[in-house]
Number of protein chains: 2
Amino acid sequence: MKIELVLGITILGSAIALIYSFIRTKWINKQPVENEKLKQISGFVADGAMAFLAREYKTLLTFAVIVAAFLAIGNQGFVRLQSAAFIVGAICSGLAGYIGMKVATRANARTTTAAANSGISAALKVAFASGSVMGMSVVGLALFGMLIVLVTGLLITGNSIVNFSETITREDFANVILPIITGFGLGVSSIALFARVGGGIFTKAADVGADLVGKVEAGIPEDDPRNPAVIADNVGDNVGDVAGMGADLFESYVGAIIGAMVLGAVLPVDSISMQLTLIFLPLVLCVVGIVCSLIGILCVRAKPNKSPQTALNTGMFVAAILTAIATFPISFLFFGDATFGNGIGALNVALASVVGLVTGIGIGLITEYFTGTNKRPVNSIVKACETGPATTIITGLGIGMLSCFPAVLLITVAIVTSFVMAGLYGIAIAGLGMLLTLGVQLAVDAYGPVADNAGGMAEMAGFPEEVRVITDKLDAVGNTTAAIGKGFAIGSAALTAIILFSAFKETMGIPYIDITNAWVIAGVIFGATIPFLFSALAIIAVGKAAFYMVEEVRRQFREKPGILKNTELPDYKKCVDISTAGALKKMMLPGVIAVITPVIVGFAAGPEMLVGLLIGVTASGVVMAIFMANSGGAWDNAKKMIEADKSIGKGSPSHKAAVVGDTVGDPFKDTSGPSLNTLMKLMCIVALVIAPMLKAFHGM
Amino acid sequence: MKIELVLGITILGSAIALIYSFIRTKWINKQPVENEKLKQISGFVADGAMAFLAREYKTLLTFAVIVAAFLAIGNQGFVRLQSAAFIVGAICSGLAGYIGMKVATRANARTTTAAANSGISAALKVAFASGSVMGMSVVGLALFGMLIVLVTGLLITGNSIVNFSETITREDFANVILPIITGFGLGVSSIALFARVGGGIFTKAADVGADLVGKVEAGIPEDDPRNPAVIADNVGDNVGDVAGMGADLFESYVGAIIGAMVLGAVLPVDSISMQLTLIFLPLVLCVVGIVCSLIGILCVRAKPNKSPQTALNTGMFVAAILTAIATFPISFLFFGDATFGNGIGALNVALASVVGLVTGIGIGLITEYFTGTNKRPVNSIVKACETGPATTIITGLGIGMLSCFPAVLLITVAIVTSFVMAGLYGIAIAGLGMLLTLGVQLAVDAYGPVADNAGGMAEMAGFPEEVRVITDKLDAVGNTTAAIGKGFAIGSAALTAIILFSAFKETMGIPYIDITNAWVIAGVIFGATIPFLFSALAIIAVGKAAFYMVEEVRRQFREKPGILKNTELPDYKKCVDISTAGALKKMMLPGVIAVITPVIVGFAAGPEMLVGLLIGVTASGVVMAIFMANSGGAWDNAKKMIEADKSIGKGSPSHKAAVVGDTVGDPFKDTSGPSLNTLMKLMCIVALVIAPMLKAFHGM
């Protein structure tokens, strides 16, 4: 196994992805936007989104500087480079969100135009192009960032890069390369968490505020330009669902790669060449995934006689199947006949990767069952809406909690199966296996908000009804396929977190951690409360910001009666400001808690309790993430079913109850729920980063 | 340490408690009920409650027979007696609920009469007498049941009871006495779980149904006799809040005693005499607690110049302080200068008990802060009600989640502190310490529903407004003090669960269980999902039963227009039947899941994963229990604040939103939340019970 070759392949993979993104962006920019009103509105939205992102990143600068200083001062020797790697990670994470958002704010008005001029196929093409730019630039940027820190690390060890595989030692990894990689991971994860929480608060405060007063009280439709919060709502889609999700999945991808590489480096195996195999296999698997994703993306073509759903499904499944197949020869190329642990070889590792893929799809299908329209769970919410908001909420909460069981059962089976196949490394590869085709998965995910926004803009700019029908159709397709993407993200987060705290234990050199030790138990129980605390802060933030938004929208309607009569323009900017202020003010505390808790527990109570804490966070985090995502998703679709049912009609008591459900579900599924994925990994990475300091502090 | 003496003291303690209950019951029965309408209504309620309890116990008979058969067939030799002990436990648990409910259904109309005839002091006296009967009969019955199985076990070992302390061996405990005690615990816990869930579904289906149609749609006040669900609602208070809570806290008490005794028996210590000290100390501490509780109860006297709150507080604090003080001499009497473990002696053990007491009070105060009227959290819900039901729900969920953090932090500190003081035995004693004064705590808890019912009956029987004012005042006091009781129950459940699974590990003879073993991790994550599954089933059951109740009440209003005009009587019985059917049908599945999961995991995946599972259940169970209890409590009090605020008024949008919050909170705080306490202990006890079979099965 030649490291130089792996690095070369990785550069190539990263370059392919980034070049594709560049070309596609050019193409999107060339698409026309003809309608003047549309141009104006899309300008409002793009400006609002960019302004928010700029202010958000500025706020995070302070945080980044403090952490970087802590890493530079707290560490010794080369480990200080963690500090620089952290900054690189933070920048990459921010960049991933920025690029996705930039292209999405370009694509939305162009999708509207395409829908108006040429119909659904053309609109799908523009919207999906935007998603694919985001997908490919996230994976490309991830590999590129990894390469920067990895090559820096390799150069610093003083080994000659051209003959690296022969001269490198395990100490080089332990003392230089691993700390740098984990520093990079810390930067990625922490910025992703803030971006998700900040974007989530922004978008849901706007959404809730717009819905509660606009839809329920004033009785005007969604995306009506008379609603003062409507621009904030559309800005929110971009900063939350696009930029937030981009940073989030960038983090998932990097987390899974780092988890597998770090574990590969700390696992006790016989030869250095086997160690290198374990460390570098993940990178090549990622490149394979990128190539297969690109093929999948190119397969997505809407034709008049083919539904958009089929087009997207084709892309996803082509990529997944190709990747699954390609994993086997790659694994055999890397391992040959060699084995590690209890006779674990090429076949075992490849199978573990397939376990991950299958589990991800399985969780996705479970998610789809519990949140999909016309399935039993959502139907039961629709029925509960007849008896008012209280039963709507009770039923939705119940369904979300219920859905955890099969999903977690599947994750449990995946943990045990991949462990039986290939030990802890098997779990790492299974976690990575779920995300190998992230390029195309994210393309599908990120296309949804663009279609949604395009619809909103069609409404605001006064396009005819049929344009909205097209974008709604595209949006609905995106929702279903996105459910599967969520399954991958949650499953992978669970496995990655396990790998990261196992790697922490190995790094600390602790032989075993007895779970019936009171300190460990206390850690587990305390850890289980962190996702609740974190969710509480995010939810309460949304509630508060939404409250101010509601007050503001009511005030505008009251003080400017011309707004509803279409004779006066609402003050959109005031609403954008309220969301921005709420998000920036409230995103810091939850993020800081996530970063600081492992540090306090690690130093004050020791590594045993810290591992207990991390397991507690992971266990309760996984369940809470699924619960919140699925309750939210189910309410959302119940509302859509009621809105689509002509016999019930908007404004009926059932519909009002459904809107309440959807409003409660919004912060669940778009603010706190998805942040939990990042939370658990971030806390584990913090532990890994402070491991050398902990060892010194506790004299181990 | 003479075992004979301990048994004698325990008999005495049990007798004191039961005799007090008997005398007090006689006194209550002698109080007059003069109003004919009141007599009739209270007859309806008592009959409905008894009919439900009879049907519930009949349904549980099948379950009990199957489990008893499993224990009789699956075990060898004397261990088969587990089966009989299980039945004794089940009967005791059922009896505790029955007695409490019987006296509560007697006391409610008498409290109404006392309030009407003689004012608040007399009413407090009757209601609190009812509570104290329940409190003392629960603790008396618990010790009595323990004595039956303990003495049977001692006799079977073939040792002479008069000279027992000298001849008994560790094998006698391992092979005979422990299995019998755990069998008893299994009976107590499983019936308690069913009673809590069944009663919880009944009461909340009725409550939600009555509120949604009566209060929100028809706009009639609470407890209006025109509401067809009003009798079902009052029956529910008795079968849920009284019988369910009685069985539940009976289980907490027995669980804490068993946990400490079993741990005392399996801890490796040098001498058999020290082992006996550890085993039998808990019983004597309980007797001390009973005597102090009785003194506390006798201190509760309402005087015209003293608020009822002060009276109840005096009782609670006198009992707590006396018990804390008395623990020290008792501990020194038992241990003398002897120590175990790393020099753990009398002082350490007594201090651990105080840690438990202080923690319980601390959690209670936290609960009170998060759920109390006029405190910041509830005020924020009141404010959120202005913007409708969605923000009300979001804020309430956020507050519940937030409240977990300080409470769990306190539990974490208690675990670590009591462990540092006296090892695992310290944790056991801390868990028991929280419940030593259960006699008076439960008296205060159980008095609330009586006062509540008395108010409902005053309303239904057409008593003047001032009677209702008195009972409302009594009820409000009960709510505040009950918060502290909940703190004790949750804290104690967490510590007891830890002790029980630690005892399981010791019983299995496993030296350590590595938390980074993939099977253990999988167990923890899977375990974390069980409380969610369990809560989901309970909540969905309430939602469904409430849906039918709403339909039925609407039907009656529609088909019998005379009901609202007071010219026609509603069909109360139909509503009672709907609640009964819903409760009996839906209580089985969650209970069976709790019992069967540890069996499946233990046999199919082995004891390591089982311990992981139990820890996962405990960690997520504690957090979920606090979350649900406090969200529910906060919504309840927010509604009360709005109803009390004349400037807002009933029927306003704010009030409607508050009712939605309260309705969602109902199943949280009275169905699923409190059941979780029992769930985690029950699953641990199941593991302990099957430990001998698991050992044989896995050839350990």
# chains A, B, ... in the order shown; residues from 1 in each chain; ligands from 1
$ interface_residues --of "chain B" --to "chain A" --cutoff "7 Å" --atoms "only C-alpha atoms" --output "PyMOL selection string"
chain B and resi 387+389-391+393-395+398-399+401-402+404-405+408-409+412+415-416+419+502+512-516+518-519+522+524-526+528-529+532-533+536+539-540+543+547+619-620+623+660+663-664
$ closest_residue --among "A:Leu141, A:Val266, A:Val469, A:Val33" --to "Ala114 in chain A" --atoms "only C-alpha atoms"
A:Val33
$ residues_around --residues "Leu263 in chain B" --least-positions-apart "2" --cutoff "12 Å" --atoms "only C-alpha atoms" --output "VMD selection string"
chain B and resid 173 to 174 178 181 to 182 255 to 261 265 to 269 275 to 282 423 to 429 496 to 507 688
$ select_by_dssp --residues "range 251-454 of chain A" --states "alpha helix (DSSP H)" --output "VMD selection string"
chain A and resid 251 to 266 272 to 299 308 to 335 346 to 371 376 to 385 389 to 433 438 to 454
$ closest_residue --among "B:Lys2, B:Trp27, B:Ile87, B:Ala218" --to "Phe164 in chain B" --atoms "only C-alpha atoms"
B:Lys2
$ closest_residue --among "A:Met683, A:Met549, A:Leu38, A:Leu61" --to "Asp211 in chain A" --atoms "only C-alpha atoms"
A:Met549
$ atom_distance --atom1 "CA of Phe250 in chain B" --atom2 "CA of Thr314 in chain B"
23.4 Å
$ residues_around --residues "Val239 in chain B" --least-positions-apart "4" --cutoff "7 Å" --atoms "only C-alpha atoms" --output "tab-separated table (two decimals) with N, CA and C atoms, in the first residue's frame"
chain	number	residue	atom	x	y	z
B	49	ALA	N	-65.32	3.27	40.26
B	49	ALA	CA	-63.92	3.01	40.59
B	49	ALA	C	-63.73	1.55	40.97
B	101	MET	N	-57.76	3.42	47.52
B	101	MET	CA	-58.89	3.89	46.74
B	101	MET	C	-60.19	3.79	47.53
B	199	GLY	N	-54.55	2.68	35.17
B	199	GLY	CA	-55.22	3.80	35.83
B	199	GLY	C	-54.94	5.10	35.10
B	235	VAL	N	-64.09	9.27	38.57
B	235	VAL	CA	-63.65	7.88	38.80
B	235	VAL	C	-62.15	7.79	38.48
B	243	ALA	N	-55.35	4.92	43.32
B	243	ALA	CA	-54.96	3.51	43.28
B	243	ALA	C	-53.65	3.33	42.52
B	244	GLY	N	-53.52	4.00	41.36
B	244	GLY	CA	-52.30	3.89	40.57
B	244	GLY	C	-51.09	4.39	41.33
$ atom_distance --atom1 "CA of Pro692 in chain A" --atom2 "CA of Met508 in chain A"
7.8 Å
$ closest_residue --among "A:Phe603, A:Tyr253, A:Phe335, A:Tyr20" --to "Ile490 in chain A" --atoms "only C-alpha atoms"
A:Tyr253
$ closest_residue --among "A:Ile685, A:Cys575, A:Leu569, A:Cys92" --to "Pro598 in chain A" --atoms "only C-alpha atoms"
A:Ile685
$ residues_around --residues "Asp237 in chain A" --least-positions-apart "6" --cutoff "9 Å" --atoms "only C-alpha atoms" --output "number ranges by chain"
A: 199, 202-204, 207, 243, 449-450, 452-453
$ residues_around --residues "Ala319 in chain B" --least-positions-apart "4" --cutoff "6 Å" --atoms "only C-alpha atoms" --output "PyMOL selection string"
chain B and resi 292-293+296
$ closest_residue --among "B:Ala545, B:Ile16, B:Ile231, B:Val139" --to "Leu442 in chain B" --atoms "only C-alpha atoms"
B:Val139
